[in-house]
>>> print(open('input-v6.pdb').read())   # PDB, C-alpha atoms and all ligand atoms
ATOM      1  CA  MET I   1     -10.191 -22.486 -17.669
ATOM      2  CA  ARG I   2     -10.156 -22.447 -13.871
ATOM      3  CA  ILE I   3     -10.406 -18.869 -12.656
ATOM      4  CA  VAL I   4     -10.169 -17.440  -9.135
ATOM      5  CA  LEU I   5     -11.728 -13.983  -8.955
ATOM      6  CA  LYS I   6     -11.071 -11.805  -5.934
ATOM      7  CA  ILE I   7     -13.573  -9.009  -5.439
ATOM      8  CA  GLY I   8     -12.580  -6.198  -3.120
ATOM      9  CA  THR I   9     -14.782  -4.331  -0.683
ATOM     10  CA  SER I  10     -14.460  -1.157  -2.781
ATOM     11  CA  THR I  11     -16.069  -2.948  -5.744
ATOM     12  CA  LEU I  12     -18.889  -4.522  -3.730
ATOM     13  CA  THR I  13     -19.915  -1.668  -1.473
ATOM     14  CA  TYR I  14     -20.182   2.097  -1.265
ATOM     15  CA  PRO I  15     -18.107   3.854   1.428
ATOM     16  CA  SER I  16     -21.238   3.773   3.639
ATOM     17  CA  GLY I  17     -21.131  -0.026   3.604
ATOM     18  CA  ARG I  18     -24.311  -0.280   1.534
ATOM     19  CA  LEU I  19     -24.258  -2.696  -1.378
ATOM     20  CA  ASN I  20     -23.157  -1.476  -4.801
ATOM     21  CA  ILE I  21     -26.006  -3.192  -6.613
ATOM     22  CA  ARG I  22     -24.828  -2.117 -10.053
ATOM     23  CA  HIS I  23     -21.410  -3.735  -9.645
ATOM     24  CA  VAL I  24     -22.641  -6.896  -7.945
ATOM     25  CA  GLU I  25     -25.416  -7.556 -10.460
ATOM     26  CA  ALA I  26     -23.050  -7.079 -13.392
ATOM     27  CA  LEU I  27     -20.435  -9.315 -11.780
ATOM     28  CA  VAL I  28     -22.858 -12.134 -11.080
ATOM     29  CA  LYS I  29     -24.096 -12.010 -14.670
ATOM     30  CA  VAL I  30     -20.594 -12.209 -16.179
ATOM     31  CA  ILE I  31     -19.506 -14.995 -13.818
ATOM     32  CA  SER I  32     -22.674 -16.973 -14.552
ATOM     33  CA  ASP I  33     -22.086 -16.602 -18.270
ATOM     34  CA  LEU I  34     -18.458 -17.709 -17.980
ATOM     35  CA  LYS I  35     -19.701 -20.754 -16.061
ATOM     36  CA  ASN I  36     -22.237 -21.468 -18.792
ATOM     37  CA  ALA I  37     -19.435 -21.222 -21.351
ATOM     38  CA  GLY I  38     -17.649 -24.042 -19.509
ATOM     39  CA  HIS I  39     -15.202 -22.218 -17.255
ATOM     40  CA  GLU I  40     -14.811 -22.956 -13.548
ATOM     41  CA  VAL I  41     -15.023 -19.914 -11.301
ATOM     42  CA  ILE I  42     -14.107 -19.529  -7.645
ATOM     43  CA  LEU I  43     -14.922 -16.257  -5.907
ATOM     44  CA  VAL I  44     -12.814 -14.810  -3.126
ATOM     45  CA  SER I  45     -15.107 -12.137  -1.817
ATOM     46  CA  SER I  46     -14.429  -9.389   0.676
ATOM     47  CA  GLY I  47     -17.151  -7.119   1.948
ATOM     48  CA  ALA I  48     -18.312  -8.942   5.087
ATOM     49  CA  ILE I  49     -17.143  -6.287   7.533
ATOM     50  CA  ALA I  50     -18.324  -3.399   5.337
ATOM     51  CA  LEU I  51     -21.778  -4.938   4.776
ATOM     52  CA  GLY I  52     -22.085  -5.624   8.519
ATOM     53  CA  ILE I  53     -21.271  -1.991   9.232
ATOM     54  CA  GLY I  54     -23.858  -0.935   6.638
ATOM     55  CA  LYS I  55     -26.513  -3.237   8.031
ATOM     56  CA  LEU I  56     -25.906  -2.062  11.585
ATOM     57  CA  ARG I  57     -25.976   1.541  10.306
ATOM     58  CA  LEU I  58     -22.733   2.251  12.182
ATOM     59  CA  ARG I  59     -21.419   5.696  11.379
ATOM     60  CA  GLU I  60     -17.802   4.636  11.186
ATOM     61  CA  ARG I  61     -15.679   1.515  10.949
ATOM     62  CA  PRO I  62     -15.253   0.119  14.483
ATOM     63  CA  SER I  63     -11.703   0.017  15.767
ATOM     64  CA  ASP I  64     -12.139  -2.724  18.377
ATOM     65  CA  ILE I  65     -11.804  -6.338  17.325
ATOM     66  CA  PRO I  66     -15.050  -7.760  18.844
ATOM     67  CA  THR I  67     -17.195  -5.181  17.012
ATOM     68  CA  LYS I  68     -15.323  -5.807  13.746
ATOM     69  CA  GLN I  69     -15.823  -9.536  14.203
ATOM     70  CA  ALA I  70     -19.492  -9.027  15.026
ATOM     71  CA  ALA I  71     -19.848  -6.881  11.896
ATOM     72  CA  ALA I  72     -18.154  -9.625   9.857
ATOM     73  CA  ALA I  73     -20.571 -12.238  11.232
ATOM     74  CA  ILE I  74     -23.572 -10.109  10.252
ATOM     75  CA  GLY I  75     -22.122  -9.018   6.917
ATOM     76  CA  GLN I  76     -20.978 -12.510   5.849
ATOM     77  CA  CYS I  77     -24.578 -13.679   6.136
ATOM     78  CA  GLU I  78     -25.769 -10.745   4.084
ATOM     79  CA  LEU I  79     -23.020 -11.311   1.497
ATOM     80  CA  MET I  80     -23.946 -14.949   0.949
ATOM     81  CA  TYR I  81     -27.652 -14.127   0.882
ATOM     82  CA  ILE I  82     -27.034 -11.580  -1.891
ATOM     83  CA  TYR I  83     -24.858 -13.967  -3.934
ATOM     84  CA  ASP I  84     -27.256 -16.856  -3.419
ATOM     85  CA  ARG I  85     -30.219 -14.816  -4.601
ATOM     86  CA  LEU I  86     -28.452 -13.314  -7.613
ATOM     87  CA  PHE I  87     -26.735 -16.512  -8.796
ATOM     88  CA  SER I  88     -30.026 -18.415  -8.424
ATOM     89  CA  GLN I  89     -31.491 -16.200 -11.148
ATOM     90  CA  PHE I  90     -29.010 -17.811 -13.543
ATOM     91  CA  ASP I  91     -29.498 -21.275 -12.038
ATOM     92  CA  HIS I  92     -26.097 -21.440 -10.342
ATOM     93  CA  SER I  93     -25.399 -22.699  -6.827
ATOM     94  CA  ILE I  94     -22.840 -21.239  -4.481
ATOM     95  CA  ALA I  95     -21.008 -22.578  -1.424
ATOM     96  CA  GLN I  96     -19.444 -20.740   1.492
ATOM     97  CA  ILE I  97     -15.836 -21.438   2.489
ATOM     98  CA  LEU I  98     -14.380 -19.564   5.479
ATOM     99  CA  LEU I  99     -10.669 -19.943   6.186
ATOM    100  CA  THR I 100      -7.861 -18.627   8.348
ATOM    101  CA  ALA I 101      -4.100 -18.890   7.773
ATOM    102  CA  ASP I 102      -4.097 -21.564  10.462
ATOM    103  CA  ASP I 103      -6.315 -23.764   8.289
ATOM    104  CA  VAL I 104      -4.135 -23.589   5.197
ATOM    105  CA  GLY I 105      -0.984 -23.979   7.302
ATOM    106  CA  HIS I 106      -2.287 -27.225   8.776
ATOM    107  CA  GLU I 107      -1.625 -30.171   6.471
ATOM    108  CA  GLU I 108      -4.777 -32.159   7.168
ATOM    109  CA  ARG I 109      -7.113 -29.170   7.127
ATOM    110  CA  LYS I 110      -5.497 -27.887   3.919
ATOM    111  CA  THR I 111      -6.046 -31.268   2.264
ATOM    112  CA  ASN I 112      -9.678 -31.228   3.400
ATOM    113  CA  PHE I 113     -10.065 -27.746   1.958
ATOM    114  CA  GLU I 114      -8.562 -28.814  -1.369
ATOM    115  CA  ASN I 115     -10.702 -31.951  -1.570
ATOM    116  CA  THR I 116     -13.870 -30.012  -0.804
ATOM    117  CA  MET I 117     -13.014 -27.385  -3.414
ATOM    118  CA  GLU I 118     -12.393 -30.054  -6.054
ATOM    119  CA  ARG I 119     -15.691 -31.741  -5.273
ATOM    120  CA  LEU I 120     -17.605 -28.444  -5.325
ATOM    121  CA  LEU I 121     -16.131 -27.660  -8.747
ATOM    122  CA  GLU I 122     -16.998 -31.143 -10.000
ATOM    123  CA  LEU I 123     -20.541 -30.520  -8.778
ATOM    124  CA  GLY I 124     -20.644 -27.341 -10.847
ATOM    125  CA  VAL I 125     -20.915 -25.071  -7.816
ATOM    126  CA  ILE I 126     -19.310 -21.625  -7.401
ATOM    127  CA  PRO I 127     -17.310 -21.646  -4.141
ATOM    128  CA  VAL I 128     -17.233 -18.274  -2.381
ATOM    129  CA  VAL I 129     -14.194 -17.946  -0.116
ATOM    130  CA  ASN I 130     -13.521 -15.380   2.609
ATOM    131  CA  GLU I 131     -11.389 -15.155   5.709
ATOM    132  CA  ASN I 132     -13.145 -16.510   8.781
ATOM    133  CA  ASP I 133     -13.094 -13.053  10.327
ATOM    134  CA  THR I 134     -15.147 -13.947  13.386
ATOM    135  CA  VAL I 135     -12.456 -16.233  14.753
ATOM    136  CA  ALA I 136      -9.343 -14.798  13.111
ATOM    137  CA  THR I 137      -7.131 -12.638  15.269
ATOM    138  CA  ALA I 138      -3.773 -11.217  14.184
ATOM    139  CA  GLU I 139      -1.789 -14.396  14.888
ATOM    140  CA  ILE I 140      -3.853 -16.701  12.722
ATOM    141  CA  ARG I 141      -5.134 -14.345  10.020
ATOM    142  CA  VAL I 142      -4.169 -14.365   6.398
ATOM    143  CA  GLY I 143      -4.956 -10.676   6.851
ATOM    144  CA  ASP I 144      -6.015  -9.612   3.387
ATOM    145  CA  ASN I 145      -7.987 -11.167   0.595
ATOM    146  CA  ASP I 146      -5.340 -10.565  -2.098
ATOM    147  CA  THR I 147      -3.148 -13.105  -0.320
ATOM    148  CA  LEU I 148      -6.154 -15.331   0.387
ATOM    149  CA  GLY I 149      -6.905 -15.197  -3.352
ATOM    150  CA  ALA I 150      -3.341 -16.280  -4.139
ATOM    151  CA  ILE I 151      -3.466 -19.129  -1.603
ATOM    152  CA  THR I 152      -6.798 -20.276  -3.045
ATOM    153  CA  ALA I 153      -5.522 -20.069  -6.639
ATOM    154  CA  CYS I 154      -2.516 -22.248  -5.763
ATOM    155  CA  SER I 155      -4.614 -24.723  -3.766
ATOM    156  CA  VAL I 156      -7.037 -25.344  -6.636
ATOM    157  CA  HIS I 157      -4.325 -25.129  -9.337
ATOM    158  CA  ALA I 158      -6.152 -22.263 -11.031
ATOM    159  CA  ASP I 159      -5.006 -21.068 -14.449
ATOM    160  CA  LEU I 160      -5.684 -17.477 -13.546
ATOM    161  CA  LEU I 161      -6.191 -15.202 -10.539
ATOM    162  CA  VAL I 162      -8.007 -11.927 -11.180
ATOM    163  CA  LEU I 163      -7.961  -9.197  -8.538
ATOM    164  CA  PHE I 164     -10.877  -6.820  -9.077
ATOM    165  CA  SER I 165     -10.215  -3.603  -7.205
ATOM    166  CA  ASP I 166     -10.868   0.136  -7.540
ATOM    167  CA  ILE I 167      -7.607   0.678  -9.412
ATOM    168  CA  ASP I 168      -6.897   0.014 -13.087
ATOM    169  CA  GLY I 169      -3.651  -1.858 -12.531
ATOM    170  CA  LEU I 170      -0.008  -1.253 -11.679
ATOM    171  CA  PHE I 171       1.360   2.156 -12.679
ATOM    172  CA  THR I 172       4.849   3.596 -13.042
ATOM    173  CA  ASP I 173       3.849   6.109 -10.338
ATOM    174  CA  ASP I 174       0.774   6.941  -8.274
ATOM    175  CA  PRO I 175      -1.764   8.012 -10.937
ATOM    176  CA  ARG I 176      -3.756   9.942  -8.334
ATOM    177  CA  ARG I 177      -0.806  12.269  -7.840
ATOM    178  CA  ASN I 178       1.141  12.079 -11.065
ATOM    179  CA  PRO I 179      -0.824  12.525 -14.311
ATOM    180  CA  GLU I 180       2.232  11.313 -16.245
ATOM    181  CA  ALA I 181       2.033   7.898 -14.562
ATOM    182  CA  LYS I 182       1.715   5.092 -17.115
ATOM    183  CA  GLN I 183      -0.066   1.800 -16.672
ATOM    184  CA  ILE I 184       2.112  -1.292 -16.966
ATOM    185  CA  THR I 185       0.252  -3.856 -19.062
ATOM    186  CA  GLU I 186       2.484  -6.888 -18.556
ATOM    187  CA  VAL I 187       4.988  -7.973 -15.919
ATOM    188  CA  ARG I 188       7.146 -11.009 -16.712
ATOM    189  CA  GLU I 189       9.444 -10.740 -13.691
ATOM    190  CA  ILE I 190       8.731  -9.160 -10.306
ATOM    191  CA  THR I 191      11.998  -7.267 -10.010
ATOM    192  CA  PRO I 192      12.946  -4.972  -7.077
ATOM    193  CA  GLU I 193      11.956  -2.055  -9.386
ATOM    194  CA  ILE I 194       8.452  -3.493  -9.784
ATOM    195  CA  GLU I 195       8.237  -4.162  -6.057
ATOM    196  CA  ALA I 196       9.227  -0.564  -5.349
ATOM    197  CA  LEU I 197       6.154   0.589  -7.313
ATOM    198  CA  GLY I 198       3.904  -1.020  -4.720
ATOM    199  CA  GLY I 199       5.322   0.859  -1.799
ATOM    200  CA  GLY I 200       4.402   4.460  -2.525
ATOM    201  CA  ALA I 201       2.100   6.362  -0.199
ATOM    202  CA  GLY I 202      -1.397   6.865  -1.591
ATOM    203  CA  SER I 203      -1.431   3.493  -3.303
ATOM    204  CA  LYS I 204      -3.303   1.954  -0.374
ATOM    205  CA  ASN I 205      -6.864   0.900  -0.986
ATOM    206  CA  GLY I 206      -9.105  -1.325   1.137
ATOM    207  CA  THR I 207      -7.263  -3.768   3.333
ATOM    208  CA  GLY I 208      -4.766  -4.664   0.689
ATOM    209  CA  GLY I 209      -3.321  -1.954  -1.514
ATOM    210  CA  MET I 210      -0.618  -2.581  -4.086
ATOM    211  CA  ILE I 211       1.806  -4.202  -1.640
ATOM    212  CA  THR I 212      -0.473  -7.166  -0.989
ATOM    213  CA  LYS I 213      -1.309  -7.398  -4.703
ATOM    214  CA  LEU I 214       2.370  -7.730  -5.600
ATOM    215  CA  LYS I 215       2.791 -10.308  -2.835
ATOM    216  CA  ALA I 216      -0.128 -12.248  -4.344
ATOM    217  CA  ALA I 217       1.419 -11.948  -7.824
ATOM    218  CA  LYS I 218       4.673 -13.456  -6.544
ATOM    219  CA  ILE I 219       2.914 -16.439  -4.974
ATOM    220  CA  VAL I 220       0.759 -17.128  -8.036
ATOM    221  CA  THR I 221       3.379 -16.628 -10.782
ATOM    222  CA  GLU I 222       5.909 -18.792  -8.895
ATOM    223  CA  ASN I 223       3.229 -21.458  -8.987
ATOM    224  CA  GLY I 224       2.954 -21.126 -12.776
ATOM    225  CA  SER I 225      -0.340 -19.222 -13.100
ATOM    226  CA  ASP I 226      -1.120 -15.745 -14.392
ATOM    227  CA  MET I 227      -2.537 -12.950 -12.271
ATOM    228  CA  VAL I 228      -4.366  -9.850 -13.482
ATOM    229  CA  ILE I 229      -5.103  -6.667 -11.528
ATOM    230  CA  ALA I 230      -8.056  -4.829 -13.063
ATOM    231  CA  ASN I 231     -10.780  -2.370 -12.187
ATOM    232  CA  GLY I 232     -13.892  -4.060 -10.802
ATOM    233  CA  ASN I 233     -16.031  -1.131 -11.937
ATOM    234  CA  ALA I 234     -16.328  -2.752 -15.357
ATOM    235  CA  PRO I 235     -17.010  -6.458 -14.683
ATOM    236  CA  GLU I 236     -17.519  -7.179 -18.425
ATOM    237  CA  THR I 237     -13.746  -6.841 -18.852
ATOM    238  CA  LEU I 238     -13.548 -10.289 -17.280
ATOM    239  CA  TYR I 239     -14.435 -11.746 -20.698
ATOM    240  CA  ASP I 240     -11.395 -10.059 -22.242
ATOM    241  CA  ILE I 241      -9.140 -11.030 -19.330
ATOM    242  CA  VAL I 242     -10.113 -14.682 -19.699
ATOM    243  CA  GLU I 243      -9.369 -14.467 -23.432
ATOM    244  CA  GLY I 244      -5.917 -13.080 -22.628
ATOM    245  CA  LYS I 245      -6.614  -9.631 -24.050
ATOM    246  CA  PRO I 246      -4.737  -6.719 -22.459
ATOM    247  CA  VAL I 247      -6.809  -5.397 -19.546
ATOM    248  CA  GLY I 248      -5.242  -3.959 -16.392
ATOM    249  CA  THR I 249      -1.863  -5.428 -15.493
ATOM    250  CA  ARG I 250      -1.078  -9.067 -16.240
ATOM    251  CA  PHE I 251       1.640 -10.865 -14.280
ATOM    252  CA  VAL I 252       2.750 -13.788 -16.390
ATOM    253  CA  GLY I 253       3.199 -17.102 -14.571
ATOM    254  CA  LYS I 254       6.520 -18.923 -14.714
ATOM    255  CA  ARG I 255       6.103 -21.904 -17.024
ATOM    256  CA  GLU I 256       8.531 -24.816 -17.259
ATOM    257  CA  LYS I 257      10.558 -24.544 -20.445
ATOM    258  CA  SER I 258      10.173 -27.679 -22.523
TER     259      SER I 258
HETATM  260  N1  LIG K   1     -12.277 -10.455   5.014
HETATM  261  C1  LIG K   1     -12.571  -9.039   4.988
HETATM  262  C2  LIG K   1     -14.074  -8.810   4.763
HETATM  263  O1  LIG K   1     -14.762  -9.658   4.228
HETATM  264  C3  LIG K   1     -11.850  -8.307   3.887
HETATM  265  C4  LIG K   1     -10.367  -8.432   3.823
HETATM  266  C5  LIG K   1      -9.826  -7.771   2.541
HETATM  267  O2  LIG K   1     -10.561  -7.094   1.852
HETATM  268  O3  LIG K   1      -8.634  -7.913   2.246
HETATM  269  O4  LIG K   1     -14.569  -7.756   5.113
END
>>> encode(input="input-v6.pdb", output="structure tokens")
Amino acid sequence: MRIVLKIGTSTLTYPSGRLNIRHVEALVKVISDLKNAGHEVILVSSGAIALGIGKLRLRERPSDIPTKQAAAAIGQCELMYIYDRLFSQFDHSIAQILLTADDVGHEERKTNFENTMERLLELGVIPVVNENDTVATAEIRVGDNDTLGAITACSVHADLLVLFSDIDGLFTDDPRRNPEAKQITEVREITPEIEALGGGAGSKNGTGGMITKLKAAKIVTENGSDMVIANGNAPETLYDIVEGKPVGTRFVGKREKS
């Protein structure tokens, strides 16, 4: 199976921007094991800006673009260093891919991206994708890594996109406010009712929130692949997700009827 796994900032770091070692170590172990079992895994990893902020010991998230971009430059280095070190323990190699919307909107650059990804996967490497935050301004940004995950999943013809976040999945209401809210385990059609569930206040988390997750689900399911939203706090659930067991919320890809 070819799996794209998007890991959100809230899974990788504490609010201070320091690394969540427990989550990252567990994630790397599960991904390495899935690779050993014969699966192909592509990571779409956030966390560059947060790790940069942590490394610089800034007290709060900068609001100006140059400082955010500087933080991303510092944090991206740190992010890849951490992955490289941890994956090396299990004898896996990683590769860094930094993109903007401009790159995937440009035919030749998109083809180059796809060819490189294919070759990296053939070589048995784990590509780690992020937005090229140091050069991306509003006009050319993808803007959030849920969408970047969906674009990547379509580009590499992945079977599955998994969005690991700090929420358990899609709920009938905001579970932080309404204890009666129920988790939806499977979505076969993204109807206006489902879309309305993404809009509620309080559902925002990290850069994305539920709105960008539903946007990603639309892109990926239209392309025929499944997408799962699950809580990144328990990386071992990735085994069950890959086996198709009910974890989080699964959006079922549209398959051609034969
Ligand atoms: N590219 C951003 C980062 O690495 C994160 C964007 C997102 O989480 O959606 O900090």
>>> atom_distance(input="input-v6.pdb", atom1="CA of Val247 in chain I", atom2="CA of Gly232 in chain I")
11.3 Å
>>> resolve_selection(input="input-v6.pdb", expression="the PyMOL selection byres (((chain I and resi 131) around 8) and not hetatm)", output="number ranges by chain")
I: 98-100, 129-130, 132-133, 136, 141-143, 145, 148
>>> resolve_selection(input="input-v6.pdb", expression="the PyMOL selection byres (((not hetatm)) within 7 of (chain K and resi 1))", output="ChimeraX atom specification")
/I:8-9,45-50,72,130-131,133,143-146,206-208
>>> resolve_selection(input="input-v6.pdb", expression="the PyMOL selection byres (((chain I and resi 15-32) around 8) and not hetatm)", output="list in words")
Ser10, Thr11, Leu12, Thr13, Tyr14, Asp33, Leu34, Lys35, Asn36, Val41, Ala50, Leu51, Gly52, Ile53, Gly54, Lys55, Arg59, Tyr83, Leu86, Phe87, Phe90, His92, Gly232, Asn233, Ala234, Pro235, Glu236, Leu238 and Tyr239 of chain I
>>> atom_distance(input="input-v6.pdb", atom1="CA of Cys77 in chain I", atom2="CA of Gly38 in chain I")
28.5 Å
>>> atom_distance(input="input-v6.pdb", atom1="CA of Leu197 in chain I", atom2="CA of Asp173 in chain I")
6.7 Å
>>> closest_residue(input="input-v6.pdb", among="I:Leu170, I:Ala101, I:Val44, I:Leu123", to="Ile229 in chain I", atoms="all atoms listed in the file")
I:Leu170
>>> residues_around(input="input-v6.pdb", residues="Ser93 in chain I", least_positions_apart="3", cutoff="8 Å", atoms="only C-alpha atoms", output="ChimeraX atom specification")
/I:84,87-88,124-126
>>> axis_aligned_box(input="input-v6.pdb", around="range 19-35 of chain I", padding_each_side="4 Å", output="JSON")
{"center_x": -22.2, "center_y": -11.1, "center_z": -9.8, "size_x": 15.5, "size_y": 27.3, "size_z": 24.9}
>>> residues_around(input="input-v6.pdb", residues="Ile167 in chain I", least_positions_apart="2", cutoff="6 Å", atoms="only C-alpha atoms", output="NGL selection string")
:I and (165 or 169 or 231)
>>> residues_around(input="input-v6.pdb", residues="Val162 in chain I", least_positions_apart="6", cutoff="8 Å", atoms="only C-alpha atoms", output="list in words")
Ile3, Val4, Leu5, Lys6, Met227, Val228, Ile229 and Ala230 of chain I
>>> closest_atom_pairs(input="input-v6.pdb", of="range 120-180 of chain I", to="range 213-226 of chain I", cutoff="7 Å", atoms="only C-alpha atoms", output="CSV")
residue,atom,partner,partner_atom,distance
I:Asp146,CA,I:Lys213,CA,5.8
I:Thr147,CA,I:Ala216,CA,5.1
I:Ala150,CA,I:Ala216,CA,5.2
I:Cys154,CA,I:Val220,CA,6.5
I:Ala158,CA,I:Ser225,CA,6.9
I:Asp159,CA,I:Ser225,CA,5.2
I:Leu160,CA,I:Asp226,CA,5.0
I:Leu161,CA,I:Asp226,CA,6.4
>>> write_last_selection(input="input-v6.pdb", atoms="C-alpha atoms", output="CSV table (one decimal), in the frame of the given file")
chain,number,residue,atom,x,y,z
I,146,ASP,CA,-5.3,-10.6,-2.1
I,147,THR,CA,-3.1,-13.1,-0.3
I,150,ALA,CA,-3.3,-16.3,-4.1
I,154,CYS,CA,-2.5,-22.2,-5.8
I,158,ALA,CA,-6.2,-22.3,-11.0
I,159,ASP,CA,-5.0,-21.1,-14.4
I,160,LEU,CA,-5.7,-17.5,-13.5
I,161,LEU,CA,-6.2,-15.2,-10.5
>>> closest_residue(input="input-v6.pdb", among="I:Thr212, I:His39, I:Val242, I:Gln96", to="Tyr81 in chain I", atoms="all atoms listed in the file")
I:Gln96
>>> closest_residue(input="input-v6.pdb", among="I:Asn112, I:Asn178, I:Thr249, I:Gln89", to="Met210 in chain I", atoms="only C-alpha atoms")
I:Thr249
>>> residues_around(input="input-v6.pdb", residues="Gly198 in chain I", least_positions_apart="2", cutoff="6 Å", atoms="only C-alpha atoms", output="PyMOL selection string")
chain I and resi 195-196+200+210-211
>>> write_last_selection(input="input-v6.pdb", atoms="C-alpha atoms", output="tab-separated table (two decimals), in the frame of the given file")
chain	number	residue	atom	x	y	z
I	195	GLU	CA	8.24	-4.16	-6.06
I	196	ALA	CA	9.23	-0.56	-5.35
I	200	GLY	CA	4.40	4.46	-2.52
I	210	MET	CA	-0.62	-2.58	-4.09
I	211	ILE	CA	1.81	-4.20	-1.64
